[in-house]
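Just work_20.txt here, compact mmCIF, C-alpha atoms:
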# COMPACT_ATOMS: atom_id res chain seq x y z
CA MET A 1 125.19 96.16 86.94
CA THR A 2 127.07 93.08 85.93
CA ARG A 3 129.54 91.37 88.21
CA ASN A 4 132.44 89.35 86.83
CA MET A 5 132.76 85.91 88.54
CA ASP A 6 135.71 83.56 88.21
CA ILE A 7 134.57 79.90 88.02
CA THR A 8 137.16 77.09 88.45
CA MET A 9 136.26 73.69 86.88
CA THR A 10 137.49 70.72 88.97
CA ASP A 11 138.10 67.22 87.49
CA PRO A 12 136.60 64.71 89.99
CA HIS A 13 139.04 61.94 88.96
CA ALA A 14 141.96 64.26 89.54
CA ALA A 15 140.60 65.13 92.98
CA ALA A 16 140.33 61.49 93.90
CA ALA A 17 143.90 60.99 92.79
CA ASP A 18 144.98 63.98 94.91
CA ARG A 19 143.38 62.37 97.97
CA GLN A 20 145.24 59.06 97.52
CA PRO A 21 148.01 58.69 100.12
CA VAL A 22 151.50 59.29 98.91
CA GLY A 23 153.34 56.05 98.23
CA ALA A 24 150.17 53.86 98.15
CA PRO A 25 150.39 51.05 95.59
CA ASP A 26 148.23 51.21 92.53
CA THR A 27 146.66 47.75 93.25
CA PRO A 28 146.27 45.98 96.63
CA PRO A 29 148.12 42.66 97.22
CA VAL A 30 145.02 40.51 96.72
CA GLN A 31 146.90 37.33 95.79
CA GLU A 32 149.02 37.35 98.95
CA LYS A 33 145.93 37.80 101.11
CA LYS A 34 144.14 34.91 99.39
CA GLU A 35 147.08 32.59 100.00
CA GLU A 36 147.22 33.61 103.66
CA ASN A 37 143.48 32.94 104.06
CA PHE A 38 143.86 29.49 102.46
CA PHE A 39 146.58 28.40 104.90
CA VAL A 40 144.57 29.72 107.85
CA PHE A 41 141.54 27.75 106.63
CA LEU A 42 143.67 24.63 106.18
CA ALA A 43 145.12 24.94 109.68
CA LYS A 44 141.64 25.33 111.18
CA LEU A 45 140.38 22.32 109.23
CA VAL A 46 143.23 20.13 110.45
CA LEU A 47 142.65 21.27 114.03
CA LEU A 48 138.92 20.52 113.73
CA VAL A 49 139.59 17.01 112.41
CA VAL A 50 142.12 16.30 115.18
CA VAL A 51 139.71 17.49 117.89
CA PHE A 52 136.82 15.49 116.39
CA ARG A 53 138.82 12.28 116.06
CA SER A 54 140.49 12.64 119.45
CA PHE A 55 137.54 13.61 121.62
CA ILE A 56 134.25 12.86 119.85
CA PHE A 57 134.17 10.10 117.20
CA SER A 58 136.86 8.22 115.32
CA PRO A 59 136.48 5.77 112.41
CA PHE A 60 137.80 2.21 112.56
CA ASN A 61 137.73 -0.60 110.04
CA ILE A 62 137.41 -4.33 110.72
CA PRO A 63 140.17 -6.30 108.96
CA SER A 64 139.44 -9.76 110.40
CA GLU A 65 136.65 -12.15 111.40
CA SER A 66 137.41 -12.43 115.13
CA MET A 67 134.16 -10.64 116.02
CA LEU A 68 131.81 -12.62 113.80
CA PRO A 69 128.82 -12.66 113.70
CA ARG A 70 128.40 -9.05 114.92
CA LEU A 71 131.29 -7.57 112.93
CA GLU A 72 132.37 -8.68 109.48
CA ASN A 73 135.59 -8.15 107.59
CA GLY A 74 135.04 -4.93 105.60
CA ASP A 75 132.91 -3.13 108.20
CA TYR A 76 133.68 0.51 109.00
CA LEU A 77 132.38 1.87 112.29
CA LEU A 78 132.48 4.98 114.41
CA ALA A 79 133.69 4.71 117.99
CA SER A 80 132.71 7.23 120.65
CA LYS A 81 135.86 8.59 122.24
CA TRP A 82 134.26 10.08 125.37
CA SER A 83 132.70 6.85 126.68
CA TYR A 84 135.63 5.75 128.85
CA GLY A 85 137.62 8.96 129.21
CA TYR A 86 140.75 10.20 127.48
CA SER A 87 144.42 9.29 127.50
CA LYS A 88 147.37 9.47 125.14
CA TYR A 89 145.73 6.60 123.23
CA SER A 90 142.89 8.96 122.34
CA MET A 91 145.32 11.12 120.38
CA PRO A 92 146.61 10.51 116.84
CA PHE A 93 149.78 8.37 116.97
CA SER A 94 149.27 8.08 120.76
CA LEU A 95 150.92 11.45 121.31
CA PRO A 96 151.64 11.80 125.07
CA VAL A 97 149.87 15.12 125.51
CA ILE A 98 147.37 13.86 128.11
CA PRO A 99 148.90 12.78 131.44
CA GLY A 100 147.43 9.49 132.65
CA ARG A 101 143.70 9.13 132.01
CA ILE A 102 141.14 11.91 132.52
CA PHE A 103 137.35 11.67 132.91
CA ALA A 104 137.85 7.90 133.21
CA SER A 105 134.87 5.56 133.45
CA GLN A 106 134.68 1.78 133.45
CA PRO A 107 133.12 -0.18 130.59
CA GLU A 108 130.18 -2.49 131.18
CA ARG A 109 130.17 -6.22 130.58
CA GLY A 110 129.10 -6.85 127.01
CA ASP A 111 130.47 -3.58 125.59
CA ILE A 112 132.39 -3.81 122.32
CA VAL A 113 135.55 -1.80 122.89
CA ILE A 114 138.49 -0.57 120.83
CA PHE A 115 141.82 -0.62 122.64
CA LYS A 116 145.57 -0.71 122.13
CA ALA A 117 146.57 -4.36 122.23
CA PRO A 118 149.28 -5.50 124.65
CA PRO A 119 152.13 -6.09 124.73
CA GLY A 120 153.09 -3.50 122.10
CA ASN A 121 150.19 -1.13 122.84
CA ASP A 122 150.45 0.21 119.28
CA ILE A 123 147.77 -1.67 117.31
CA ASP A 124 144.01 -1.12 117.61
CA TYR A 125 142.02 -4.27 118.49
CA ILE A 126 138.30 -4.71 119.00
CA LYS A 127 136.78 -7.24 121.43
CA ARG A 128 133.88 -7.69 123.83
CA VAL A 129 134.17 -7.04 127.57
CA ILE A 130 133.44 -10.20 129.58
CA GLY A 131 135.11 -9.64 132.95
CA LEU A 132 135.74 -6.56 135.09
CA PRO A 133 137.95 -5.95 138.16
CA GLY A 134 137.26 -8.52 140.89
CA ASP A 135 135.68 -11.02 138.46
CA THR A 136 136.91 -14.54 137.78
CA VAL A 137 136.57 -15.89 134.25
CA GLN A 138 136.97 -19.45 133.01
CA VAL A 139 135.98 -21.33 129.87
CA ARG A 140 134.91 -24.97 130.22
CA ALA A 141 133.96 -27.04 127.18
CA GLY A 142 133.37 -23.82 125.25
CA GLN A 143 131.08 -22.25 127.87
CA VAL A 144 132.05 -19.11 129.77
CA PHE A 145 131.89 -19.19 133.57
CA LEU A 146 131.78 -15.78 135.25
CA ASN A 147 132.43 -15.75 139.00
CA GLY A 148 131.87 -19.48 139.09
CA LYS A 149 128.48 -19.37 137.34
CA ALA A 150 127.85 -20.50 133.77
CA VAL A 151 126.90 -17.74 131.35
CA PRO A 152 123.72 -19.03 129.64
CA LYS A 153 124.47 -20.25 126.11
CA GLN A 154 121.50 -21.08 123.89
CA ARG A 155 121.69 -22.67 120.43
CA VAL A 156 120.11 -20.55 117.68
CA ASP A 157 119.98 -20.75 113.88
CA ASN A 158 123.26 -21.04 112.04
CA PHE A 159 124.98 -17.85 110.97
CA ILE A 160 125.04 -17.65 107.16
CA LEU A 161 127.91 -15.64 105.71
CA PRO A 162 127.94 -15.30 101.89
CA LEU A 163 131.28 -15.99 100.24
CA THR A 164 132.86 -12.76 98.98
CA ALA A 165 136.31 -11.30 98.49
CA ASN A 166 136.31 -10.54 102.23
CA THR A 167 135.25 -13.97 103.47
CA HIS A 168 136.28 -17.60 103.36
CA CYS A 169 134.99 -20.73 105.10
CA TYR A 170 137.07 -22.35 107.83
CA GLY A 171 136.55 -25.77 106.27
CA VAL A 172 134.48 -27.62 103.67
CA GLU A 173 132.18 -28.85 106.43
CA PHE A 174 130.93 -25.27 106.85
CA GLU A 175 130.27 -24.61 103.15
CA ALA A 176 126.63 -24.32 102.11
CA GLN A 177 124.62 -23.27 99.08
CA THR A 178 122.25 -20.32 99.32
CA PRO A 179 118.72 -20.37 97.83
CA ASP A 180 119.89 -18.19 94.92
CA GLY A 181 122.57 -20.70 93.95
CA GLY A 182 125.50 -18.89 95.55
CA MET A 183 127.93 -20.20 98.14
CA ALA A 184 128.09 -19.27 101.81
CA CYS A 185 129.59 -20.32 105.13
CA SER A 186 127.19 -21.82 107.65
CA TYR A 187 128.48 -21.59 111.21
CA PRO A 188 126.99 -22.91 114.48
CA GLN A 189 125.66 -19.92 116.42
CA PHE A 190 124.74 -19.44 120.06
CA ARG A 191 123.14 -16.73 122.18
CA GLU A 192 124.97 -15.73 125.36
CA THR A 193 123.44 -13.59 128.11
CA LEU A 194 125.60 -11.93 130.75
CA PRO A 195 124.42 -11.30 134.36
CA ASN A 196 123.63 -7.65 133.52
CA GLY A 197 121.17 -8.79 130.83
CA LYS A 198 123.40 -8.02 127.85
CA SER A 199 122.83 -10.61 125.09
CA TYR A 200 124.78 -11.24 121.91
CA ASN A 201 125.50 -14.04 119.46
CA VAL A 202 128.76 -16.00 119.30
CA LEU A 203 130.16 -18.66 116.98
CA ASP A 204 131.42 -22.02 118.22
CA LEU A 205 132.93 -24.15 115.46
CA GLY A 206 133.70 -27.21 117.56
CA THR A 207 136.16 -28.50 120.13
CA GLN A 208 139.35 -26.42 120.32
CA PRO A 209 142.19 -26.18 122.88
CA GLN A 210 140.99 -22.71 123.98
CA ASP A 211 137.59 -24.19 124.93
CA ASP A 212 139.08 -25.11 128.32
CA THR A 213 141.10 -22.58 130.30
CA GLN A 214 142.42 -21.89 133.76
CA VAL A 215 140.55 -19.56 136.10
CA PHE A 216 141.54 -15.96 135.37
CA SER A 217 141.22 -13.30 138.08
CA VAL A 218 140.76 -9.77 136.77
CA PRO A 219 142.87 -7.29 138.77
CA ALA A 220 141.94 -3.68 139.52
CA GLY A 221 142.00 -1.40 136.50
CA HIS A 222 141.87 -4.27 133.99
CA MET A 223 139.32 -6.18 131.87
CA PHE A 224 138.95 -9.65 130.38
CA LEU A 225 138.11 -9.47 126.68
CA MET A 226 136.93 -12.10 124.21
CA GLY A 227 136.08 -12.21 120.52
CA ASP A 228 132.59 -13.38 119.55
CA ASN A 229 134.15 -15.80 117.03
CA ARG A 230 135.36 -17.93 119.91
CA ASP A 231 137.52 -20.37 117.95
CA ASN A 232 139.21 -17.68 115.85
CA SER A 233 140.09 -14.92 118.29
CA LEU A 234 143.39 -14.18 120.01
CA ASP A 235 142.01 -12.61 123.17
CA SER A 236 142.44 -12.62 126.95
CA ARG A 237 142.50 -16.43 127.04
CA PHE A 238 146.02 -16.20 125.60
CA PRO A 239 149.05 -14.52 127.23
CA ALA A 240 150.13 -11.10 125.98
CA ILE A 241 152.62 -12.14 123.33
CA GLU A 242 152.91 -10.23 120.06
CA GLY A 243 150.73 -12.01 117.50
CA GLU A 244 149.61 -14.70 119.96
CA GLY A 245 147.29 -13.05 122.49
CA ILE A 246 146.56 -9.94 124.54
CA GLY A 247 146.29 -11.21 128.11
CA ILE A 248 144.15 -9.34 130.64
CA VAL A 249 144.07 -5.78 129.26
CA PRO A 250 144.57 -2.58 131.31
CA GLN A 251 141.62 -0.22 131.06
CA ALA A 252 144.20 2.51 130.46
CA ASN A 253 144.54 1.05 126.94
CA LEU A 254 140.92 1.87 126.03
CA VAL A 255 140.46 3.99 122.92
CA GLY A 256 136.68 4.07 122.48
CA LYS A 257 133.35 2.25 122.36
CA ALA A 258 131.83 0.87 119.15
CA SER A 259 128.79 3.04 118.45
CA VAL A 260 127.53 3.18 114.84
CA MET A 261 128.15 1.16 111.67
CA MET A 262 129.28 3.76 109.15
CA PHE A 263 129.84 1.59 106.06
CA SER A 264 130.39 -2.01 105.01
CA THR A 265 131.81 -3.59 101.87
CA ASN A 266 132.19 -7.19 100.72
CA GLY A 267 135.56 -6.40 99.18
CA GLY A 268 134.38 -6.58 95.57
CA ALA A 269 134.84 -2.88 94.71
CA GLU A 270 137.40 -1.77 92.11
CA TRP A 271 138.68 1.79 91.77
CA LEU A 272 138.49 1.75 87.99
CA LYS A 273 134.89 0.50 88.02
CA PRO A 274 132.85 3.10 89.96
CA TRP A 275 129.62 1.11 89.76
CA THR A 276 131.22 -1.60 91.91
CA TRP A 277 131.50 0.90 94.76
CA PHE A 278 127.73 0.54 95.10
CA THR A 279 127.29 -3.14 94.25
CA ALA A 280 129.96 -4.14 96.80
CA ALA A 281 128.33 -2.21 99.66
CA ARG A 282 126.45 -4.17 102.31
CA TRP A 283 123.65 -1.63 102.54
CA SER A 284 121.66 -3.55 105.16
CA ARG A 285 124.52 -3.25 107.67
CA ILE A 286 124.99 0.51 107.40
CA GLY A 287 123.58 2.55 110.27
CA GLY A 288 123.39 -0.26 112.81
CA THR A 289 124.21 0.56 116.43
CA PHE A 290 125.87 -1.42 119.18
Write out the structure in this file as structure tokens.
Amino acid sequence: MTRNMDITMTDPHAAAADRQPVGAPDTPPVQEKKEENFFVFLAKLVLLVVVFRSFIFSPFNIPSESMLPRLENGDYLLASKWSYGYSKYSMPFSLPVIPGRIFASQPERGDIVIFKAPPGNDIDYIKRVIGLPGDTVQVRAGQVFLNGKAVPKQRVDNFILPLTANTHCYGVEFEAQTPDGGMACSYPQFRETLPNGKSYNVLDLGTQPQDDTQVFSVPAGHMFLMGDNRDNSLDSRFPAIEGEGIGIVPQANLVGKASVMMFSTNGGAEWLKPWTWFTAARWSRIGGTF
């Protein structure tokens, strides 16, 4: 006995089409999603950079010679932002999003600090901490006296600074020739040692009016700062007048502590000559700590 069977052939593509929801677009909006993802990524990147620069490390460049011999014009360093706490000066453009100063700690004598310079409190300066609250500071004949006692100052070998696009000598009496036939500046150099044992080199180019000062008393919450290039630094020896000095600086103005030398250039690089980006670098200075 033979049975008749009806067999229905089904097209799989047609079935898939039948299962597609009514009104669904033929192609998904891939382009719109990609654009949305890009802007989300960009926003996260900006937020990450702001957080890093505000609370962890921030780069600073050295545009002058007030901190010779430790810092040279053309140095780029990283400053730790957590060392002394956070305030509005920790934020980009000094945005007032942090009330007062949080997690505050006091610097130590000898620290190299970045701060907002009085009286405008809008320009980053870098100097060395000499006096803290309760200290008295005076300079006599070019020697620092801290709390009435002379800070030891020992003569060492001259500081030799090759002449580059970033440097110039303060007078012909400081010009010298290097063994390779080039020209350099040769400056008298001394080693100072603070009571806490911190030692560093300073330059003293001769007798200057700022070599003799009054006795300064450092009030609570402040610090007395000096540049290591003693005869070419507008620091706490001078009253806080725009372009003339900074006075005794409030610790609330602290931005960070110099930590690592990130890069250094002698100023001889040219954008249109990529090889000069390497020849102008002071490779021996990169990576140094403070």
Inset, instruction - Name the closest residue to A:Ile286 among the candidates A:Leu205, A:Met262, A:Val218, A:Val46; distances are taken between atoms, counting only C-alpha atoms. - result: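 Going through A:Leu205, A:Met262, A:Val218, A:Val46 one by one, the smallest distance to A:Ile286 is for A:Met262.
The shell of residues at most 12 Å from A:Phe52, with all atoms listed in the file counted and near chain neighbours (fewer than 5 positions) removed, consists of Leu45, Val46, Leu47, Phe57, Ser58, Pro59, Leu78, Ala79, Ser80, Lys81, Trp82, Ser90, Met91 and Pro92 of chain A.
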Inset, instruction - Considering only C-alpha atoms, state which residue in the set A:Gly197, A:Ile114, A:Ile126, A:Thr164 is at the smallest distance from A:Val151. - result: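 Among the listed residues, A:Gly197 lies closest to A:Val151.
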Closest atom pairs, stretch 96-194 of chain A residues within 12 Å of stretch 70-74 of chain A, all atoms listed in the file, as a tab-separated table:
residue	atom	partner	partner_atom	distance
A:Ile112	CA	A:Arg70	CA	9.9
A:Ile126	CA	A:Leu71	CA	9.7
A:Lys127	CA	A:Leu71	CA	10.1
A:Arg128	CA	A:Arg70	CA	10.5
A:Phe159	CA	A:Arg70	CA	10.2
A:Ile160	CA	A:Glu72	CA	11.8
A:Leu161	CA	A:Glu72	CA	9.1
A:Pro162	CA	A:Glu72	CA	11.0
A:Leu163	CA	A:Asn73	CA	11.6
A:Thr164	CA	A:Asn73	CA	10.1
A:Ala165	CA	A:Gly74	CA	9.6
A:Asn166	CA	A:Asn73	CA	5.9
A:Thr167	CA	A:Asn73	CA	7.1
A:His168	CA	A:Asn73	CA	10.4
A:Gln189	CA	A:Arg70	CA	11.3
A:Arg191	CA	A:Arg70	CA	11.8
Legend entry - Å distance separating atom CA of A:Asp157 from atom CA of A:Thr289, one decimal place: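 Computing it gives 21.9 Å between the two atoms.
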Inset, instruction - Can you work out the spacing between atom CA of A:Glu173 and atom CA of A:Asn232 in Å, to one decimal? - result: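 These two atoms are separated by 16.2 Å.
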Inset, instruction - Measure the distance from atom CA of A:Phe38 to atom CA of A:Arg53 in Å and round it to one decimal. - result: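 Between atom CA of A:Phe38 and atom CA of A:Arg53 the gap is 22.5 Å.
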Legend entry - Selection near A:Ser236, 9 Å with all atoms listed in the file, sequence-local residues under 5 positions removed, as a ChimeraX atom specification: /A:223-226,245-249
Can I get the selected residues back with C-alpha atoms, as a PDB file, in the coordinates of the input?
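Final output, part33.pdb:
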ATOM      1  CA  MET A 223     139.320  -6.180 131.870  1.00  0.00           C
ATOM      2  CA  PHE A 224     138.950  -9.650 130.380  1.00  0.00           C
ATOM      3  CA  LEU A 225     138.110  -9.470 126.680  1.00  0.00           C
ATOM      4  CA  MET A 226     136.930 -12.100 124.210  1.00  0.00           C
ATOM      5  CA  GLY A 245     147.290 -13.050 122.490  1.00  0.00           C
ATOM      6  CA  ILE A 246     146.560  -9.940 124.540  1.00  0.00           C
ATOM      7  CA  GLY A 247     146.290 -11.210 128.110  1.00  0.00           C
ATOM      8  CA  ILE A 248     144.150  -9.340 130.640  1.00  0.00           C
ATOM      9  CA  VAL A 249     144.070  -5.780 129.260  1.00  0.00           C
TER      10      VAL A 249
END
Inset, instruction - Using only C-alpha atoms, pick whichever of A:Ala269, A:Val49, A:Leu203, A:Val144 has the shortest atom-to-atom distance to A:Asn158. - result: A:Leu203
Legend entry - From A:Pro69, A:Pro219, A:Pro239, A:Gly110, residue lying nearest A:Phe190 [all atoms listed in the file]: A:Pro69
Inset, instruction - Go through A:Met183, A:Ser83, A:Arg237, A:Lys88 one by one, measure the shortest atom-to-atom distance of each to A:Pro209 using only C-alpha atoms, and give the residue with the smallest value. - result: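 Of A:Met183, A:Ser83, A:Arg237, A:Lys88, the one nearest A:Pro209, counting only C-alpha atoms, is A:Arg237.
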Inset, instruction - Using all atoms listed in the file, determine which residues lie at most 8 Å from A:Phe115, disregarding the query and same-chain residues fewer than 2 positions distant; provide the list as a list of chain:residue names. - result: A:Val113, A:Ala117, A:Asp124, A:Tyr125, A:Ile126, A:Asn253, A:Leu254, A:Val255, A:Gly256
Inset, instruction - Write out as a PyMOL selection string the residues lying within 6 Å of A:Met67, counting all atoms listed in the file and excluding same-chain residues fewer than 5 positions away. - result: chain A and resi 227-229
Export of prior selection with C-alpha atoms as a short mmCIF file (atom, residue, chain, number, x, y, z; two decimals), in the frame of the given file:
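Output below, filename result.cif:
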data_model
loop_
_atom_site.label_atom_id
_atom_site.label_comp_id
_atom_site.auth_asym_id
_atom_site.auth_seq_id
_atom_site.Cartn_x
_atom_site.Cartn_y
_atom_site.Cartn_z
CA GLY A 227 136.08 -12.21 120.52
CA ASP A 228 132.59 -13.38 119.55
CA ASN A 229 134.15 -15.80 117.03
#
Write a file for stretch 118-129 of chain A of the given structure; include all heavy atoms and format it as a PDB file, in the first residue's frame.
ATOM      1  N   PRO A 118      53.290  85.616  44.546  1.00  0.00           N
ATOM      2  CA  PRO A 118      52.644  86.875  44.925  1.00  0.00           C
ATOM      3  C   PRO A 118      53.294  88.034  44.147  1.00  0.00           C
ATOM      4  O   PRO A 118      54.424  87.906  43.688  1.00  0.00           O
ATOM      5  CB  PRO A 118      52.951  86.984  46.426  1.00  0.00           C
ATOM      6  CG  PRO A 118      53.312  85.581  46.855  1.00  0.00           C
ATOM      7  CD  PRO A 118      53.978  84.976  45.658  1.00  0.00           C
ATOM      8  N   PRO A 119      52.590  89.160  43.979  1.00  0.00           N
ATOM      9  CA  PRO A 119      51.265  89.420  44.560  1.00  0.00           C
ATOM     10  C   PRO A 119      50.110  88.956  43.685  1.00  0.00           C
ATOM     11  O   PRO A 119      48.976  88.882  44.147  1.00  0.00           O
ATOM     12  CB  PRO A 119      51.259  90.948  44.676  1.00  0.00           C
ATOM     13  CG  PRO A 119      52.100  91.399  43.518  1.00  0.00           C
ATOM     14  CD  PRO A 119      53.189  90.371  43.378  1.00  0.00           C
ATOM     15  N   GLY A 120      50.367  88.660  42.411  1.00  0.00           N
ATOM     16  CA  GLY A 120      49.279  88.298  41.507  1.00  0.00           C
ATOM     17  C   GLY A 120      48.739  86.905  41.707  1.00  0.00           C
ATOM     18  O   GLY A 120      47.578  86.618  41.397  1.00  0.00           O
ATOM     19  N   ASN A 121      49.580  86.001  42.228  1.00  0.00           N
ATOM     20  CA  ASN A 121      49.190  84.602  42.457  1.00  0.00           C
ATOM     21  C   ASN A 121      48.663  83.933  41.190  1.00  0.00           C
ATOM     22  O   ASN A 121      47.758  83.094  41.242  1.00  0.00           O
ATOM     23  CB  ASN A 121      48.122  84.503  43.560  1.00  0.00           C
ATOM     24  CG  ASN A 121      48.595  85.065  44.882  1.00  0.00           C
ATOM     25  OD1 ASN A 121      49.791  85.082  45.168  1.00  0.00           O
ATOM     26  ND2 ASN A 121      47.682  85.545  45.689  1.00  0.00           N
ATOM     27  N   ASP A 122      49.259  84.295  40.040  1.00  0.00           N
ATOM     28  CA  ASP A 122      48.774  83.719  38.778  1.00  0.00           C
ATOM     29  C   ASP A 122      49.890  83.187  37.891  1.00  0.00           C
ATOM     30  O   ASP A 122      49.624  82.660  36.818  1.00  0.00           O
ATOM     31  CB  ASP A 122      47.960  84.762  38.005  1.00  0.00           C
ATOM     32  CG  ASP A 122      48.750  86.047  37.740  1.00  0.00           C
ATOM     33  OD1 ASP A 122      49.866  86.175  38.279  1.00  0.00           O
ATOM     34  OD2 ASP A 122      48.251  86.912  37.004  1.00  0.00           O
ATOM     35  N   ILE A 123      51.146  83.297  38.341  1.00  0.00           N
ATOM     36  CA  ILE A 123      52.286  82.813  37.567  1.00  0.00           C
ATOM     37  C   ILE A 123      53.047  81.791  38.396  1.00  0.00           C
ATOM     38  O   ILE A 123      53.296  82.002  39.590  1.00  0.00           O
ATOM     39  CB  ILE A 123      53.229  83.971  37.168  1.00  0.00           C
ATOM     40  CG1 ILE A 123      52.477  85.014  36.339  1.00  0.00           C
ATOM     41  CG2 ILE A 123      54.426  83.451  36.384  1.00  0.00           C
ATOM     42  CD1 ILE A 123      53.299  86.242  36.001  1.00  0.00           C
ATOM     43  N   ASP A 124      53.423  80.672  37.772  1.00  0.00           N
ATOM     44  CA  ASP A 124      54.192  79.638  38.467  1.00  0.00           C
ATOM     45  C   ASP A 124      55.651  80.057  38.575  1.00  0.00           C
ATOM     46  O   ASP A 124      56.293  80.387  37.573  1.00  0.00           O
ATOM     47  CB  ASP A 124      54.096  78.308  37.718  1.00  0.00           C
ATOM     48  CG  ASP A 124      52.715  77.705  37.778  1.00  0.00           C
ATOM     49  OD1 ASP A 124      52.079  77.773  38.837  1.00  0.00           O
ATOM     50  OD2 ASP A 124      52.274  77.145  36.760  1.00  0.00           O
ATOM     51  N   TYR A 125      56.190  80.024  39.802  1.00  0.00           N
ATOM     52  CA  TYR A 125      57.612  80.255  40.067  1.00  0.00           C
ATOM     53  C   TYR A 125      58.183  78.988  40.680  1.00  0.00           C
ATOM     54  O   TYR A 125      57.445  78.157  41.221  1.00  0.00           O
ATOM     55  CB  TYR A 125      57.805  81.414  41.046  1.00  0.00           C
ATOM     56  CG  TYR A 125      57.932  82.785  40.422  1.00  0.00           C
ATOM     57  CD1 TYR A 125      57.222  83.142  39.274  1.00  0.00           C
ATOM     58  CD2 TYR A 125      58.759  83.749  40.995  1.00  0.00           C
ATOM     59  CE1 TYR A 125      57.331  84.410  38.725  1.00  0.00           C
ATOM     60  CE2 TYR A 125      58.871  85.028  40.447  1.00  0.00           C
ATOM     61  CZ  TYR A 125      58.159  85.343  39.316  1.00  0.00           C
ATOM     62  OH  TYR A 125      58.272  86.600  38.769  1.00  0.00           O
ATOM     63  N   ILE A 126      59.510  78.884  40.638  1.00  0.00           N
ATOM     64  CA  ILE A 126      60.186  77.762  41.287  1.00  0.00           C
ATOM     65  C   ILE A 126      61.383  78.295  42.073  1.00  0.00           C
ATOM     66  O   ILE A 126      62.197  79.050  41.544  1.00  0.00           O
ATOM     67  CB  ILE A 126      60.603  76.689  40.251  1.00  0.00           C
ATOM     68  CG1 ILE A 126      61.229  75.476  40.963  1.00  0.00           C
ATOM     69  CG2 ILE A 126      61.543  77.259  39.190  1.00  0.00           C
ATOM     70  CD1 ILE A 126      61.362  74.260  40.063  1.00  0.00           C
ATOM     71  N   LYS A 127      61.447  77.960  43.363  1.00  0.00           N
ATOM     72  CA  LYS A 127      62.521  78.421  44.244  1.00  0.00           C
ATOM     73  C   LYS A 127      62.821  77.332  45.275  1.00  0.00           C
ATOM     74  O   LYS A 127      62.146  76.306  45.343  1.00  0.00           O
ATOM     75  CB  LYS A 127      62.128  79.707  44.979  1.00  0.00           C
ATOM     76  CG  LYS A 127      61.746  80.888  44.093  1.00  0.00           C
ATOM     77  CD  LYS A 127      62.911  81.454  43.318  1.00  0.00           C
ATOM     78  CE  LYS A 127      62.487  82.626  42.442  1.00  0.00           C
ATOM     79  NZ  LYS A 127      63.576  83.071  41.536  1.00  0.00           N
ATOM     80  N   ARG A 128      63.826  77.611  46.100  1.00  0.00           N
ATOM     81  CA  ARG A 128      64.190  76.661  47.161  1.00  0.00           C
ATOM     82  C   ARG A 128      63.730  77.194  48.516  1.00  0.00           C
ATOM     83  O   ARG A 128      63.871  78.382  48.809  1.00  0.00           O
ATOM     84  CB  ARG A 128      65.708  76.439  47.179  1.00  0.00           C
ATOM     85  CG  ARG A 128      66.125  75.276  48.078  1.00  0.00           C
ATOM     86  CD  ARG A 128      67.625  75.097  48.090  1.00  0.00           C
ATOM     87  NE  ARG A 128      68.165  74.731  46.786  1.00  0.00           N
ATOM     88  CZ  ARG A 128      68.221  73.487  46.299  1.00  0.00           C
ATOM     89  NH1 ARG A 128      67.733  72.478  47.021  1.00  0.00           N
ATOM     90  NH2 ARG A 128      68.743  73.254  45.110  1.00  0.00           N
ATOM     91  N   VAL A 129      63.196  76.296  49.335  1.00  0.00           N
ATOM     92  CA  VAL A 129      62.735  76.672  50.679  1.00  0.00           C
ATOM     93  C   VAL A 129      63.945  76.836  51.596  1.00  0.00           C
ATOM     94  O   VAL A 129      64.753  75.921  51.755  1.00  0.00           O
ATOM     95  CB  VAL A 129      61.782  75.609  51.255  1.00  0.00           C
ATOM     96  CG1 VAL A 129      61.353  75.995  52.672  1.00  0.00           C
ATOM     97  CG2 VAL A 129      60.563  75.440  50.363  1.00  0.00           C
TER      98      VAL A 129
END
